[in-house]
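Working notes, structure below.
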Amino acid sequence: MRRFFLIAVPYAWLLALFLVPFLIVLKISLSDAAIALPPYVPQFEWSEGIRAFVSQLDLENFTWLIEDDLYWKAYLSSLQIAATSTVLTLMVGYPIAYGMARAPQEWRPTLMMLVILPFWTSFLIRVYAWKGILSNEGFLNQFLLWTGVISEPLQILNTTTAVYIGIVYTYLPFMILPIYAALERMDDSLNEAAEDLGCSRLSAFWLVTIPLSKGGIIAGCFLVFIPAMGEFVIPSLLGGSDTLMIGKVLWEEFFSNRDWPVASAVAVILLLILVVPIVLFQRNQQKEQEGET
Amino acid sequence: MAQPVFEPWNDPNEKPLIQFKNVSKRFGDFTAIDDLTIDIFEREFFALLGPSGCGKTTMMRMLAGFETPSDGKIFLSGQDIAPVPPNRRAVNMMFQSYALFPHLSIWENIAFGLKREGMPRNQINARVEEMLRLTRLEKFARRKPHQISGGQRQRVALARSLAKAPKLLLLDEPLGALDRKLREETQFELMDIQEKTGTTFVIVTHDQEEAMTVASRVAVMDNGKVIQVATPADIYEAPNSVYVADFIGDVNLIEGTATATGEGTYALHWRDGVPPLTVTTPQSFSDGQRAHLAIRPEKISISAEKPAEAANAVMGKVLDIAYLGNISTYHVELPSGDIIKAQTANTRRISRRAYTWEDTVWLSWTATGGILLAD
């Protein structure tokens, strides 16, 4: 009985906060836009019955998404930006995690704290702060001009580069923490054993350290890729008009066009795309846990 | 056919495989190895024995190349190995934690070093198969390290470190993680494998029984210094210091002043009003020098009456009896308050003990039964 309750709580949570909202969104995506409140028809009427209500739903919005190449491009561009920034985050995050795992024992909690520290400030404020750094008159340009590396300011803000910087910065802790966890529990003598058996430092790293932190790398990549895919705040604050991301399209459909049904259809497809990496992530986590026992 | 006795250390023509020459290793203020000079010969099974923190692991890590000496030189086949990195030394190490690669199968673990050498595929296969056979692991080749038992893991670690046919194999507490029964079996396996492969083994251990069982010579270490290097029998029967006598096995130490009474024979005055003890010993002592008589409990016999012809005999009262199955140790308290341990083998089953608590007994031993050691 106790077991049942223990399991029931998270399931009830998921049901109320994930499945029900998803079904509502799905239903809206099958409706038609209308100038009304809320801005779509049909509305469910008890008097007309469920059959009449269902008969008015159609897949029109999904057909629309397929026909208009804006959405295709936005999805593809989001995929590409999310994938590229995941690789970039990995390249920045792995050395940091490695350094943390190699640091003296007494330093590690402090370093960990430093990685988590940015979460104490609102995400929105931190992204806004990057505007101040990256703009033409921003700190970065002023610094580069002062050192004489460049003679005129670089246009970074409102480009895709700024979006990459923003995503890498924001999601870095999600990459560092799982990799650090994997590296930290690795036995130092494994590297020594690899060297003893004829590996150079570098090949020992490649043949032993990397494979043993694979679980952490995969977890970190998904933790960055999945939210980056639907990212909206970073591209709209740091990106330019040419930065096409599905999160931004979604926002515009909802709030500028007030076309809730199309926006919902966009959201449903985004979710379907994300189901693949989420399932893969789950599998990886499960395999990791089995490996430990 | 009698085999020639293996003792290259007594042969002046024999060149040592490993030479430590005045090697010191300091970590900051701490001296782990203090001016150490030692020779280890080919095909030897050499044990470094000492309490934890005595520097034995540091010595081994210097051989493997993970530490460099602060002073002095280490030679392997006459060549200074200081500039050679660990991955280029003909030395392999079996780690205390085994350090098996968890992401690789047993087969791949053993092949790891061979692949780094760039050995051709079919030779790798043959060598790995050979190693699997040697360590009786054929059935487990495809398993991962976490799918086999501790004893099997130990054998994988051994197979992996032997696969490259090193000149020298280092074993860091190789049997520490095994239970007693398995440990004893594995000791003989190790000796067997060492003999078959003809590799020089250096083993680090804090378990004196293990060192005595497997080693051709034992180096007893303390505080970064080697106290004695000798065969197990010599270490046990002829320790060169009170430290070694006390560290290896059980011993009675009787302190007194020595007086020469003949060629190599001394009288040890150890208590006022009792006759001195007679002891024959190779070391020489000046008259009146402080000395310790070290005598093993099994060299002391116990009897109810005073034995007629014993060089040394003392009377006492049985204080404690430790029954260990195969032997019994009697703790006998002398009138002076000293406690002497005597051991008898329980050669007969269910025999009534001849002596029991509070019995008055005589302890006796010969002049050569013990050894006299300087302070």
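As shown in the structure tokens, the chain order sets the letters A, B, ...; within each chain, residues go from 1, and ligands are also counted from 1 in the order they appear.
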Counting only C-alpha atoms, which residues from chain B have an atom at most 9 Å from any atom of chain A, and could you show them as number ranges by chain?
B: 64-66, 85-89, 91-95, 97-103, 112-114, 116-117, 146, 160-161, 164
Skip Val92 in chain A itself and residues of its chain fewer than 2 positions away, then list as a count of residues only all residues within 10 Å of it, counting only C-alpha atoms.
14
How far is it from CA of Phe123 in chain A to CA of Pro173 in chain A, in Å with one decimal?
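CA of Pro173 in chain A lies at a distance of 12.7 Å from CA of Phe123 in chain A.
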Pick out the residues sitting within 10 Å of range 219-226 of chain A, and hand them over as a count of residues only; count only C-alpha atoms, and ignore anything fewer than 4 positions along from it in its own chain.
42
Surrounding residues of Pro307 in chain B excluding itself and chain neighbours under 6 positions, 10 Å, only C-alpha atoms, as a list in words
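Selected residues are Ser301, Ala313, Val314, Trp362, Leu363, Ser364 and Trp365 of chain B.
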Excluding same-chain residues fewer than 3 positions from Lys225 in chain B, what lies within 8 Å of it counting only C-alpha atoms, as a PyMOL selection string?
chain B and resi 33-36+54-55+221-222
Residues at most 8 Å from range 18-27 of chain A, counting only C-alpha atoms, excluding those fewer than 5 positions away in the same chain, as an MDAnalysis selection string?
chainID A and resid 13 57 264:265 267:268
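Computed from the coordinates, the CA of Ala177 in chain B to CA of Gln194 in chain B distance equals 20.3 Å.
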Can you measure CA of Leu182 in chain B to CA of Val204 in chain B for me? One decimal in Å is fine.
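Those two atoms sit 18.2 Å apart.
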Would you give me, as a tab-separated table, each residue of range 302-353 of chain B having an atom within 12 Å of an atom of range 268-286 of chain B, along with its shortest atom pair and that distance in Å to one decimal, using only C-alpha atoms and sorting by chain and residue number?
```
residue	atom	partner	partner_atom	distance
B:Ala310	CA	B:Thr278	CA	10.0
B:Ala311	CA	B:Thr278	CA	6.3
B:Asn312	CA	B:Leu277	CA	5.8
B:Ala313	CA	B:Leu277	CA	8.3
B:Val314	CA	B:Val274	CA	9.0
B:Met315	CA	B:Val274	CA	10.7
B:Leu334	CA	B:Val274	CA	11.0
B:Pro335	CA	B:Val274	CA	10.2
B:Ser336	CA	B:Arg271	CA	7.8
B:Gly337	CA	B:Arg271	CA	10.7
B:Asp338	CA	B:Arg271	CA	10.0
```
The selected residues should be written to file as a short mmCIF file (atom, residue, chain, number, x, y, z; two decimals), in the first residue's frame (atoms: C-alpha atoms).
```cif
data_model
loop_
_atom_site.label_atom_id
_atom_site.label_comp_id
_atom_site.auth_asym_id
_atom_site.auth_seq_id
_atom_site.Cartn_x
_atom_site.Cartn_y
_atom_site.Cartn_z
CA ALA B 310 69.12 -27.74 29.52
CA ALA B 311 71.33 -24.75 28.87
CA ASN B 312 68.58 -22.47 30.09
CA ALA B 313 65.71 -23.29 32.39
CA VAL B 314 63.33 -21.01 34.24
CA MET B 315 60.37 -21.74 36.44
CA LEU B 334 58.06 -15.90 36.02
CA PRO B 335 58.49 -14.92 39.67
CA SER B 336 60.10 -11.69 38.43
CA GLY B 337 56.88 -10.77 36.68
CA ASP B 338 58.24 -11.35 33.15
#
```
For Ala165 in chain B, which of B:Val128, B:Ile235, B:Val242, B:Ile38 is the closest residue, counting only C-alpha atoms?
B:Val128
Spatial neighbours of Glu237 in chain B, 12 Å, only C-alpha atoms, chain gap at least 6 places, as an NGL selection string:
:B and (230-231 or 244-246 or 248-251 or 281 or 294-296 or 298-299 or 368-372)
Out of range 153-199 of chain B, which residues get strand (DSSP E) from DSSP, as a PyMOL selection string?
chain B and resi 168-172
Mind dumping the selected residues with N, CA and C atoms as a compact mmCIF listing (two decimals), in the first residue's frame?
```txt
# COMPACT_ATOMS: atom_id res chain seq x y z
N LEU B 168 60.19 -7.19 -15.41
CA LEU B 168 59.94 -7.06 -13.98
C LEU B 168 58.45 -6.84 -13.77
N LEU B 169 57.90 -7.61 -12.87
CA LEU B 169 56.49 -7.42 -12.53
C LEU B 169 56.39 -6.92 -11.10
N LEU B 170 55.63 -5.85 -10.92
CA LEU B 170 55.45 -5.28 -9.59
C LEU B 170 54.05 -5.65 -9.11
N LEU B 171 53.99 -6.13 -7.89
CA LEU B 171 52.67 -6.50 -7.36
C LEU B 171 52.44 -5.71 -6.08
N ASP B 172 51.43 -4.85 -6.11
CA ASP B 172 51.14 -4.01 -4.96
C ASP B 172 50.03 -4.66 -4.14
```
